[in-house]
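S.K.: For reference, this is query-v6.pdb, and it has PDB, C-alpha atoms.
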```pdb
ATOM      1  CA  MET A 141     439.361 213.253 246.871
ATOM      2  CA  ALA A 142     440.667 211.589 243.780
ATOM      3  CA  GLU A 143     442.129 208.785 245.891
ATOM      4  CA  ASN A 144     438.682 207.884 247.295
ATOM      5  CA  LYS A 145     437.093 207.417 243.899
ATOM      6  CA  ARG A 146     436.325 203.807 242.943
ATOM      7  CA  LYS A 147     438.223 202.477 239.992
ATOM      8  CA  ALA A 148     436.176 201.618 236.969
ATOM      9  CA  PRO A 149     436.193 197.857 236.304
ATOM     10  CA  THR A 150     438.611 196.743 233.652
ATOM     11  CA  ALA A 151     437.632 194.530 230.733
ATOM     12  CA  ASP A 152     439.166 191.526 232.513
ATOM     13  CA  ASP A 153     437.127 192.240 235.652
ATOM     14  CA  ARG A 154     433.911 192.439 233.649
ATOM     15  CA  ASP A 155     434.681 189.194 231.845
ATOM     16  CA  ARG A 156     435.401 187.331 235.085
ATOM     17  CA  GLY A 157     432.164 188.503 236.697
ATOM     18  CA  PHE A 158     430.145 187.603 233.636
ATOM     19  CA  LYS A 159     431.581 184.093 233.472
ATOM     20  CA  ARG A 160     430.961 183.452 237.152
ATOM     21  CA  SER A 161     427.341 184.541 236.847
ATOM     22  CA  LYS A 162     426.810 182.169 233.957
ATOM     23  CA  GLY A 163     428.815 179.209 235.042
ATOM     24  CA  GLY A 164     427.933 178.893 238.710
ATOM     25  CA  PRO A 165     430.697 178.055 241.194
ATOM     26  CA  GLY A 166     434.065 178.372 239.527
ATOM     27  CA  GLY A 167     432.525 179.582 236.272
ATOM     28  CA  THR A 168     431.690 176.086 235.016
ATOM     29  CA  GLY A 169     428.494 174.304 234.030
ATOM     30  CA  LYS A 170     425.335 175.311 232.208
ATOM     31  CA  TRP A 171     424.040 178.843 232.486
ATOM     32  CA  GLN A 172     421.215 179.187 235.033
ATOM     33  CA  THR A 173     419.451 182.182 236.493
ATOM     34  CA  PRO A 174     417.964 181.822 240.000
ATOM     35  CA  ASN A 175     414.583 181.389 238.327
ATOM     36  CA  HIS A 176     415.947 178.557 236.179
ATOM     37  CA  LYS A 177     417.370 176.848 239.246
ATOM     38  CA  ALA A 178     414.040 177.032 241.047
ATOM     39  CA  LYS A 179     412.211 175.598 238.030
ATOM     40  CA  SER A 180     414.832 172.901 237.616
ATOM     41  CA  GLU A 181     414.494 171.814 241.227
ATOM     42  CA  ALA A 182     410.694 171.725 241.013
ATOM     43  CA  PHE A 183     410.872 169.807 237.728
ATOM     44  CA  SER A 184     413.264 167.190 239.083
ATOM     45  CA  ARG A 185     411.269 166.584 242.259
ATOM     46  CA  GLY A 186     407.852 166.161 240.679
ATOM     47  CA  HIS A 187     404.412 167.721 240.296
ATOM     48  CA  GLY A 188     400.909 167.549 241.709
ATOM     49  CA  THR A 189     399.714 166.629 245.169
ATOM     50  CA  ILE A 190     398.952 163.485 247.135
ATOM     51  CA  ALA A 191     395.209 162.833 247.196
ATOM     52  CA  PRO A 192     392.890 160.417 249.038
ATOM     53  CA  GLY A 193     392.691 157.175 247.091
ATOM     54  CA  ASP A 194     396.297 157.328 245.908
ATOM     55  CA  ALA A 195     398.738 154.491 246.399
ATOM     56  CA  GLY A 196     402.461 154.998 246.357
ATOM     57  CA  ILE A 197     405.891 154.905 247.901
ATOM     58  CA  TRP A 198     407.449 157.292 250.389
ATOM     59  CA  ALA A 199     411.222 157.588 250.371
ATOM     60  CA  THR A 200     413.894 159.432 252.296
ATOM     61  CA  CYS A 201     417.241 160.590 250.986
ATOM     62  CA  ALA A 202     420.465 162.382 251.814
ATOM     63  CA  ARG A 203     420.034 166.038 252.730
ATOM     64  CA  ARG A 204     419.910 168.472 249.802
ATOM     65  CA  MET A 205     419.984 165.565 247.376
ATOM     66  CA  GLU A 206     416.230 165.398 246.780
ATOM     67  CA  GLY A 207     416.487 166.119 243.046
ATOM     68  CA  ARG A 208     419.151 163.507 242.392
ATOM     69  CA  ALA A 209     417.459 161.001 244.675
ATOM     70  CA  THR A 210     414.140 161.465 242.854
ATOM     71  CA  THR A 211     415.767 160.765 239.489
ATOM     72  CA  GLU A 212     417.669 157.831 240.981
ATOM     73  CA  LEU A 213     414.626 156.256 242.629
ATOM     74  CA  LYS A 214     412.521 156.710 239.513
ATOM     75  CA  ALA A 215     415.050 154.755 237.464
ATOM     76  CA  LEU A 216     415.203 152.066 240.163
ATOM     77  CA  LEU A 217     411.423 151.644 240.283
ATOM     78  CA  TYR A 218     411.124 151.298 236.511
ATOM     79  CA  GLN A 219     414.011 148.832 236.456
ATOM     80  CA  TYR A 220     412.378 146.587 239.041
ATOM     81  CA  ALA A 221     408.884 146.967 237.560
ATOM     82  CA  GLU A 222     410.215 145.470 234.348
ATOM     83  CA  LYS A 223     412.260 142.836 236.165
ATOM     84  CA  PHE A 224     409.518 141.606 238.507
ATOM     85  CA  TYR A 225     406.340 142.234 236.516
ATOM     86  CA  GLY A 226     407.448 142.640 232.908
ATOM     87  CA  LEU A 227     406.008 146.169 232.885
ATOM     88  CA  THR A 228     407.456 148.982 230.802
ATOM     89  CA  GLU A 229     406.129 152.390 229.839
ATOM     90  CA  GLU A 230     405.367 153.200 226.216
ATOM     91  CA  GLY A 231     407.965 155.602 224.940
ATOM     92  CA  GLY A 232     409.757 155.537 228.288
ATOM     93  CA  ASP A 233     409.776 158.346 230.816
ATOM     94  CA  GLU A 234     413.445 159.098 230.986
ATOM     95  CA  GLU A 235     414.612 162.680 231.384
ATOM     96  CA  ASP A 236     416.012 163.982 228.099
ATOM     97  CA  GLU A 237     419.470 165.200 229.024
ATOM     98  CA  ASP A 238     419.826 166.872 225.625
ATOM     99  CA  LEU A 239     416.915 169.215 226.380
ATOM    100  CA  ASP A 240     417.609 172.467 228.178
ATOM    101  CA  ILE A 241     415.665 173.289 231.321
ATOM    102  CA  GLU A 242     412.971 175.390 229.655
ATOM    103  CA  ALA A 243     412.363 172.748 226.985
ATOM    104  CA  ALA A 244     412.188 169.993 229.593
ATOM    105  CA  ILE A 245     409.633 171.934 231.630
ATOM    106  CA  LYS A 246     407.537 172.611 228.529
ATOM    107  CA  LYS A 247     407.649 168.916 227.646
ATOM    108  CA  GLU A 248     406.495 167.945 231.128
ATOM    109  CA  THR A 249     403.712 170.542 231.101
ATOM    110  CA  ALA A 250     402.483 169.236 227.754
ATOM    111  CA  ALA A 251     402.430 165.717 229.155
ATOM    112  CA  LEU A 252     400.313 166.881 232.070
ATOM    113  CA  THR A 253     397.801 168.691 229.867
ATOM    114  CA  GLU A 254     397.409 165.550 227.772
ATOM    115  CA  ASP A 255     396.704 163.626 230.977
ATOM    116  CA  LYS A 256     399.672 161.346 230.437
ATOM    117  CA  GLN A 257     400.480 161.640 234.118
ATOM    118  CA  SER A 258     397.621 159.276 234.929
ATOM    119  CA  THR A 259     399.059 156.543 232.697
ATOM    120  CA  ARG A 260     402.546 156.526 234.175
ATOM    121  CA  LEU A 261     403.581 153.616 236.349
ATOM    122  CA  PHE A 262     405.348 155.978 238.754
ATOM    123  CA  SER A 263     404.799 159.724 239.151
ATOM    124  CA  ALA A 264     406.928 161.866 241.455
ATOM    125  CA  VAL A 265     404.896 164.201 243.670
ATOM    126  CA  ARG A 266     406.364 167.436 244.962
ATOM    127  CA  ILE A 267     406.891 167.314 248.758
ATOM    128  CA  ASP A 268     407.828 170.420 250.756
ATOM    129  CA  ILE A 269     409.957 168.549 253.287
ATOM    130  CA  GLU A 270     413.702 168.135 253.209
ATOM    131  CA  CYS A 271     414.949 164.612 252.534
ATOM    132  CA  VAL A 272     411.481 163.220 251.717
ATOM    133  CA  MET A 273     409.971 162.093 248.399
ATOM    134  CA  PHE A 274     406.738 160.470 247.271
ATOM    135  CA  PHE A 275     405.975 158.471 244.132
ATOM    136  CA  ARG A 276     402.399 157.783 243.120
ATOM    137  CA  VAL A 277     402.025 154.184 241.873
ATOM    138  CA  GLN A 278     399.483 152.931 239.352
ATOM    139  CA  PRO A 279     397.076 150.104 240.370
ATOM    140  CA  SER A 280     398.862 147.605 238.106
ATOM    141  CA  ILE A 281     401.642 147.492 240.711
ATOM    142  CA  ASP A 282     401.326 146.684 244.404
ATOM    143  CA  PRO A 283     403.775 149.034 246.189
ATOM    144  CA  VAL A 284     404.006 146.690 249.192
ATOM    145  CA  ASP A 285     405.034 143.762 247.019
ATOM    146  CA  LEU A 286     407.407 145.916 244.968
ATOM    147  CA  CYS A 287     409.215 147.412 247.977
ATOM    148  CA  HIS A 288     409.514 143.991 249.613
ATOM    149  CA  ARG A 289     411.001 142.456 246.469
ATOM    150  CA  ILE A 290     413.440 145.352 246.064
ATOM    151  CA  ALA A 291     414.614 144.997 249.664
ATOM    152  CA  LEU A 292     415.027 141.230 249.305
ATOM    153  CA  ASP A 293     416.943 141.600 246.061
ATOM    154  CA  ILE A 294     419.332 144.192 247.474
ATOM    155  CA  SER A 295     419.754 142.184 250.677
ATOM    156  CA  SER A 296     420.887 139.176 248.645
ATOM    157  CA  ASN A 297     423.106 141.291 246.350
ATOM    158  CA  PRO A 298     424.499 144.165 248.464
ATOM    159  CA  ASP A 299     427.616 144.481 246.305
ATOM    160  CA  LYS A 300     425.498 145.468 243.310
ATOM    161  CA  LYS A 301     424.828 149.045 244.366
ATOM    162  CA  LEU A 302     422.075 150.700 242.344
ATOM    163  CA  THR A 303     421.508 153.850 244.424
ATOM    164  CA  ARG A 304     423.651 156.462 246.169
ATOM    165  CA  TYR A 305     421.206 158.990 247.584
ATOM    166  CA  VAL A 306     418.036 157.018 248.393
ATOM    167  CA  ASN A 307     417.658 155.744 251.950
ATOM    168  CA  ARG A 308     414.396 154.197 253.112
ATOM    169  CA  ILE A 309     411.468 153.272 250.866
ATOM    170  CA  SER A 310     408.041 152.779 252.409
ATOM    171  CA  PRO A 311     405.024 151.451 250.492
ATOM    172  CA  MET A 312     401.524 152.924 250.828
ATOM    173  CA  THR A 313     398.486 150.798 250.142
ATOM    174  CA  LEU A 314     396.013 153.646 250.449
ATOM    175  CA  MET A 315     395.987 157.370 251.169
ATOM    176  CA  GLY A 316     393.090 159.152 252.879
ATOM    177  CA  LYS A 317     392.339 162.394 254.668
ATOM    178  CA  ALA A 318     394.344 163.112 257.813
ATOM    179  CA  ASN A 319     391.440 163.315 260.239
ATOM    180  CA  GLU A 320     389.664 160.799 262.460
ATOM    181  CA  LYS A 321     387.157 159.796 259.799
ATOM    182  CA  GLY A 322     389.855 159.471 257.144
ATOM    183  CA  LEU A 323     392.022 157.386 259.467
ATOM    184  CA  GLU A 324     389.069 155.095 260.189
ATOM    185  CA  GLU A 325     388.306 154.627 256.482
ATOM    186  CA  VAL A 326     391.929 153.894 255.590
ATOM    187  CA  THR A 327     392.292 151.518 258.545
ATOM    188  CA  THR A 328     389.264 149.473 257.491
ATOM    189  CA  ALA A 329     390.275 149.277 253.830
ATOM    190  CA  VAL A 330     393.930 148.405 254.445
ATOM    191  CA  LEU A 331     393.618 146.046 257.432
ATOM    192  CA  LYS A 332     390.526 144.100 256.362
ATOM    193  CA  PRO A 333     392.427 141.597 254.137
ATOM    194  CA  TYR A 334     394.780 140.685 257.014
ATOM    195  CA  PHE A 335     392.921 141.061 260.308
ATOM    196  CA  GLN A 336     389.547 140.333 261.845
ATOM    197  CA  LEU A 337     388.229 143.822 262.586
ATOM    198  CA  ASN A 338     385.843 144.719 265.381
ATOM    199  CA  GLY A 339     382.369 145.413 264.024
ATOM    200  CA  GLN A 340     383.203 143.800 260.688
ATOM    201  CA  GLU A 341     379.958 142.344 259.365
ATOM    202  CA  GLU A 342     379.986 142.577 255.577
ATOM    203  CA  TYR A 343     382.316 140.331 253.593
ATOM    204  CA  THR A 344     382.968 139.812 249.924
ATOM    205  CA  GLU A 345     382.745 136.228 248.664
ATOM    206  CA  SER A 346     386.515 135.758 248.793
ATOM    207  CA  GLU A 347     386.716 137.292 252.266
ATOM    208  CA  GLN A 348     383.957 134.979 253.489
ATOM    209  CA  GLU A 349     385.989 131.980 252.275
ATOM    210  CA  VAL A 350     388.954 133.189 254.301
ATOM    211  CA  LYS A 351     386.749 133.707 257.339
ATOM    212  CA  ASN A 352     385.251 130.237 257.020
ATOM    213  CA  SER A 353     388.691 128.626 256.817
ATOM    214  CA  GLU A 354     389.824 130.549 259.908
ATOM    215  CA  ARG A 355     391.672 133.764 259.325
ATOM    216  CA  PRO A 356     395.316 133.554 260.538
ATOM    217  CA  SER A 357     395.713 135.105 263.976
ATOM    218  CA  TYR A 358     398.587 137.373 262.963
ATOM    219  CA  THR A 359     400.459 139.263 265.632
ATOM    220  CA  TYR A 360     401.214 142.868 264.781
ATOM    221  CA  SER A 361     402.947 146.121 265.630
ATOM    222  CA  ILE A 362     402.007 149.664 264.597
ATOM    223  CA  ARG A 363     404.669 152.080 263.311
ATOM    224  CA  PRO A 364     403.359 155.631 262.738
ATOM    225  CA  THR A 365     405.301 158.562 261.274
ATOM    226  CA  ILE A 366     403.815 162.067 261.428
ATOM    227  CA  ARG A 367     405.216 165.010 259.461
ATOM    228  CA  ASN A 368     403.954 168.615 259.222
ATOM    229  CA  HIS A 369     400.691 167.689 260.950
ATOM    230  CA  ASN A 370     399.246 168.639 264.357
ATOM    231  CA  THR A 371     395.704 167.209 264.458
ATOM    232  CA  LEU A 372     396.227 163.457 264.851
ATOM    233  CA  LYS A 373     398.653 162.646 267.649
ATOM    234  CA  ARG A 374     400.829 159.534 267.651
ATOM    235  CA  ASP A 375     399.178 157.940 270.713
ATOM    236  CA  VAL A 376     395.699 158.577 269.310
ATOM    237  CA  VAL A 377     396.625 157.023 265.961
ATOM    238  CA  ILE A 378     398.008 153.888 267.626
ATOM    239  CA  GLU A 379     395.011 153.557 269.962
ATOM    240  CA  LYS A 380     392.422 153.941 267.196
ATOM    241  CA  ILE A 381     394.100 151.384 264.940
ATOM    242  CA  ALA A 382     394.658 148.880 267.757
ATOM    243  CA  SER A 383     391.057 149.209 268.985
ATOM    244  CA  SER A 384     389.749 148.350 265.516
ATOM    245  CA  ILE A 385     391.594 144.993 265.442
ATOM    246  CA  GLY A 386     389.926 141.918 266.930
ATOM    247  CA  ASP A 387     391.197 140.297 270.125
ATOM    248  CA  MET A 388     392.365 137.202 268.238
ATOM    249  CA  HIS A 389     395.329 139.296 267.032
ATOM    250  CA  LYS A 390     397.916 140.168 269.678
ATOM    251  CA  VAL A 391     400.439 142.986 269.774
ATOM    252  CA  ASN A 392     404.073 141.906 269.387
ATOM    253  CA  LEU A 393     406.625 144.718 269.300
ATOM    254  CA  THR A 394     409.695 142.502 268.803
ATOM    255  CA  LYS A 395     408.772 139.772 266.303
ATOM    256  CA  PRO A 396     405.370 140.559 264.788
ATOM    257  CA  ASP A 397     403.905 138.615 261.886
ATOM    258  CA  LYS A 398     402.747 141.883 260.312
ATOM    259  CA  VAL A 399     403.821 145.499 260.678
ATOM    260  CA  ILE A 400     401.226 148.235 260.169
ATOM    261  CA  ILE A 401     402.983 151.276 258.709
ATOM    262  CA  VAL A 402     401.185 154.602 259.076
ATOM    263  CA  GLU A 403     402.328 157.831 257.424
ATOM    264  CA  ILE A 404     400.638 161.168 258.064
ATOM    265  CA  TYR A 405     401.725 164.221 256.082
ATOM    266  CA  GLN A 406     399.905 167.555 256.240
ATOM    267  CA  THR A 407     396.330 166.725 255.169
ATOM    268  CA  VAL A 408     396.810 163.108 254.022
ATOM    269  CA  CYS A 409     397.108 159.847 255.905
ATOM    270  CA  GLY A 410     398.429 156.603 254.430
ATOM    271  CA  MET A 411     398.770 153.027 255.623
ATOM    272  CA  SER A 412     400.126 149.634 254.587
ATOM    273  CA  VAL A 413     400.705 146.183 256.045
ATOM    274  CA  VAL A 414     404.128 144.620 255.475
ATOM    275  CA  ASP A 415     405.597 141.277 256.507
ATOM    276  CA  GLY A 416     407.431 140.811 259.775
ATOM    277  CA  ASP A 417     410.804 140.620 258.018
ATOM    278  CA  TRP A 418     410.554 144.409 257.618
ATOM    279  CA  GLU A 419     412.852 144.813 260.626
ATOM    280  CA  ASP A 420     415.338 142.209 259.349
ATOM    281  CA  LEU A 421     415.370 144.050 256.021
ATOM    282  CA  LYS A 422     416.435 147.263 257.797
ATOM    283  CA  ARG A 423     412.924 148.709 257.462
ATOM    284  CA  TYR A 424     413.581 148.795 253.716
ATOM    285  CA  ASN A 425     416.471 151.220 254.166
ATOM    286  CA  LEU A 426     418.455 150.596 250.982
ATOM    287  CA  ALA A 427     421.565 152.398 252.225
ATOM    288  CA  GLU A 428     421.731 150.088 255.246
ATOM    289  CA  LEU A 429     421.025 146.983 253.174
ATOM    290  CA  TYR A 430     424.032 147.767 250.977
ATOM    291  CA  THR A 431     426.320 147.817 254.013
ATOM    292  CA  ALA A 432     424.768 144.793 255.752
ATOM    293  CA  PRO A 433     426.251 141.291 255.343
ATOM    294  CA  SER A 434     424.823 139.474 252.334
ATOM    295  CA  LYS A 435     421.918 137.146 253.108
ATOM    296  CA  LYS A 436     421.303 134.629 250.356
ATOM    297  CA  LEU A 437     417.640 133.700 250.201
ATOM    298  CA  PRO A 438     416.042 130.245 250.037
ATOM    299  CA  ALA A 439     415.072 129.190 246.537
ATOM    300  CA  SER A 440     411.407 129.776 247.353
ATOM    301  CA  GLU A 441     412.122 133.435 248.107
ATOM    302  CA  GLU A 442     414.756 134.100 245.448
ATOM    303  CA  VAL A 443     413.839 137.212 243.504
ATOM    304  CA  VAL A 444     416.998 137.773 241.513
ATOM    305  CA  ASN A 445     415.947 135.836 238.428
ATOM    306  CA  GLN A 446     412.377 136.861 237.642
ATOM    307  CA  GLU A 447     412.507 136.742 233.845
ATOM    308  CA  ASN A 448     409.890 133.985 233.725
ATOM    309  CA  LEU A 449     407.479 135.671 236.104
ATOM    310  CA  LYS A 450     403.957 135.300 234.706
ATOM    311  CA  LYS A 451     402.184 138.459 233.641
ATOM    312  CA  SER A 452     399.137 137.198 235.543
ATOM    313  CA  GLU A 453     400.873 138.090 238.796
ATOM    314  CA  VAL A 454     400.454 141.739 237.899
ATOM    315  CA  SER A 455     396.708 141.599 238.406
ATOM    316  CA  THR A 456     397.139 140.207 241.928
ATOM    317  CA  ALA A 457     399.343 143.140 242.772
ATOM    318  CA  ALA A 458     396.684 145.754 241.992
ATOM    319  CA  GLY A 459     395.367 147.988 244.733
ATOM    320  CA  THR A 460     398.239 148.006 247.232
ATOM    321  CA  ASP A 461     400.114 151.035 248.582
ATOM    322  CA  SER A 462     402.270 152.033 251.449
ATOM    323  CA  VAL A 463     404.073 154.697 253.399
ATOM    324  CA  GLU A 464     406.840 155.270 255.879
ATOM    325  CA  PRO A 465     410.107 157.127 255.339
ATOM    326  CA  ASN A 466     413.251 157.245 257.405
TER     327      ASN A 466
END
```
Output the file's structure in the form of structure tokens.

M.R.:
Amino acid sequence: MAENKRKAPTADDRDRGFKRSKGGPGGTGKWQTPNHKAKSEAFSRGHGTIAPGDAGIWATCARRMEGRATTELKALLYQYAEKFYGLTEEGGDEEDEDLDIEAAIKKETAALTEDKQSTRLFSAVRIDIECVMFFRVQPSIDPVDLCHRIALDISSNPDKKLTRYVNRISPMTLMGKANEKGLEEVTTAVLKPYFQLNGQEEYTESEQEVKNSERPSYTYSIRPTIRNHNTLKRDVVIEKIASSIGDMHKVNLTKPDKVIIVEIYQTVCGMSVVDGDWEDLKRYNLAELYTAPSKKLPASEEVVNQENLKKSEVSTAAGTDSVEPN
């Protein structure tokens, strides 16, 4: 009987177990309980929800790297916002590495209660999908213009690698509700500046000037992505968008002048219109642009040296958003 009794743990055994529980794999690193880890992950990936009227940027990343990719993309967006538009955020929004997890969460919660979230240029929104992120963008920045400039810059400087975990970035001009009415409202608002729409009767003064000088007969393609949503089907989305566009605009699936990006996620639907070089720029997949041969841009399109960019350009960028991950 005595042989079947379990031996009491020695002091060394207790010490080893204690260290492993505190240090994670191999007994190294900061101490974290499972609850801390859950809070840390939620903190790193963002807060809030996507709502109709939002503009922003969808992004995809390497699997199980959502937290790191969110931090990485946030830094990238702020870097390019300053480079292209001369925009910075008062006091910065960097994560304080010196703060422990609890302190960092408290700091973020305080910022939310003071409504500072609404003043940030970029705000990460929590998404319950693996490998997918969303950043809400303030109206002072056009996400379509920003994503295009980022892709062009990386395409012309692929050796200067700024990201490791981020894959595709997709701008969103406007988010709406993911139902037929919401899709119709988003379609009208996003496509009206680029296409003659069927049944379009009311024009603003600037839109009337464009109409009078003959609106360009852009060709187009429609690229929908649907995640965690069962109401709007892909074929229905394509048909409804195509039927709203006037006959002067023709479909071109290989070399379109404009690409209509549609992103549907749970209860929200987003859309943007990007230039036809979207395909040449690897659909704004940064990881692929880094590995593609360098393409130096004509001087008229060079975006590397933007130090002298006029602040007035910021106002023209207001009100644009986009969507469309990997």

S.K.: Which polymer residues have any atom within 12 Å of an atom of Asp387 of chain A, counting all atoms listed in the file, with same-chain residues fewer than 5 positions away left out, as a list in words?

M.R.: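 Within the cut-off, the hits are Phe335, Gln336, Leu337, Asn338, Gly339, Ser357, Tyr358, Thr359, Tyr360 and Ala382 of chain A.
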
S.K.: Have a look at A:Glu379, A:Asp293, A:Glu403, A:Asp285 and name the one nearest to Ile366 of chain A; count all atoms listed in the file.

M.R.: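 Ranking A:Glu379, A:Asp293, A:Glu403, A:Asp285 by distance to Ile366 of chain A, first place goes to A:Glu403.
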
S.K.: Where does the PyMOL selection byres ((chain A and resi 321-333) around 9) land in this file, that is, which residues does it pick, as number ranges by chain?

M.R.: A: 192, 313-320, 334-337, 340, 347, 377, 380-381, 384-385, 400, 408-413, 460-461

S.K.: Evaluate the PyMOL selection byres ((chain A and resi 429) around 12) and record the selected residues as a ChimeraX atom specification, following the chain and residue labels used in the document.

M.R.: /A:290-303,306-309,418-428,430-435

S.K.: Quick check on the file I pasted: which residues fall under the PyMOL selection byres ((chain A and resi 401) around 9)? Write them as a list in words.

M.R.: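 This file, filtered by the PyMOL selection byres ((chain A and resi 401) around 9), leaves Ser310, Pro311, Met312, Ser361, Ile362, Arg363, Pro364, Thr365, Val399, Ile400, Val402, Glu403, Gly410, Met411, Ser412, Val413, Val414, Ser462, Val463 and Glu464 of chain A.
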
S.K.: So, with all atoms listed in the file as the atoms that count, which of A:Ser263, A:Thr371, A:Thr200, A:Gln406 lies closest to Ala215 of chain A?

M.R.: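 Looking at the shortest contact to Ala215 of chain A, the residue is A:Ser263.
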
S.K.: Pick out the closest residue to Pro279 of chain A from this set: A:Gly193, A:Gly207, A:Pro356, A:Gly386. Count only C-alpha atoms.

M.R.: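 Among A:Gly193, A:Gly207, A:Pro356, A:Gly386, it is A:Gly193 that comes nearest to Pro279 of chain A.
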
S.K.: Give me, please, the distance in Å between atom CA of Asp375 of chain A and atom CA of Tyr405 of chain A, quoted to one decimal.

M.R.: 16.1 Å

S.K.: Which residues, protein or nucleic acid, reach to within 10 Å of (419.6, 164.8, 257.2) in the file's coordinates when using all atoms listed in the file, and can you give that as a VMD selection string?

M.R.: chain A and resid 200 to 205 270 to 272 466

S.K.: Would you save the residues of that selection, restricted to C-alpha atoms, as a PDB file, in the coordinates of the input?

M.R.:
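After the write, result_18.pdb holds the following:
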```pdb
ATOM      1  CA  THR A 200     413.894 159.432 252.296  1.00  0.00           C
ATOM      2  CA  CYS A 201     417.241 160.590 250.986  1.00  0.00           C
ATOM      3  CA  ALA A 202     420.465 162.382 251.814  1.00  0.00           C
ATOM      4  CA  ARG A 203     420.034 166.038 252.730  1.00  0.00           C
ATOM      5  CA  ARG A 204     419.910 168.472 249.802  1.00  0.00           C
ATOM      6  CA  MET A 205     419.984 165.565 247.376  1.00  0.00           C
ATOM      7  CA  GLU A 270     413.702 168.135 253.209  1.00  0.00           C
ATOM      8  CA  CYS A 271     414.949 164.612 252.534  1.00  0.00           C
ATOM      9  CA  VAL A 272     411.481 163.220 251.717  1.00  0.00           C
ATOM     10  CA  ASN A 466     413.251 157.245 257.405  1.00  0.00           C
TER      11      ASN A 466
END
```

S.K.: Given all atoms listed in the file as the basis, pick out the residue of A:Thr394, A:Leu286, A:Lys373, A:Ala209 nearest to Glu222 of chain A.

M.R.: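 Of A:Thr394, A:Leu286, A:Lys373, A:Ala209, the one nearest Glu222 of chain A, counting all atoms listed in the file, is A:Leu286.
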
S.K.: I'd like the interatomic distance between atom CA of Pro396 of chain A and atom CA of Asp415 of chain A, to a tenth of an Å.

M.R.: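 For atom CA of Pro396 of chain A relative to atom CA of Asp415 of chain A, the distance reads 8.3 Å.
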
S.K.: Within 10 Å of Lys214 of chain A, counting all atoms listed in the file, which residues qualify if same-chain residues fewer than 2 places away don't, as a PyMOL selection string?

M.R.: chain A and resi 208-212+216-219+233-234+261-264+275

S.K.: Please indicate the distance in Å from atom CA of Ile404 of chain A to atom CA of Val284 of chain A, rounded to one decimal place.

M.R.: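 Atom-to-atom, atom CA of Ile404 of chain A and atom CA of Val284 of chain A are spaced 17.3 Å apart.
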
S.K.: Choose the residue, out of A:Val265, A:Leu227, A:Met273, A:Ala221, that has the smallest atom-to-atom separation from Ala199 of chain A; count all atoms listed in the file.

M.R.: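 Closest to Ala199 of chain A of all the choices is A:Met273.
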
S.K.: With distances taken over all atoms listed in the file, which residue among A:Thr407, A:Glu229, A:Ala191, A:Asp282 lies nearest Arg367 of chain A?

M.R.: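 Going through A:Thr407, A:Glu229, A:Ala191, A:Asp282 one by one, the smallest distance to Arg367 of chain A is for A:Thr407.
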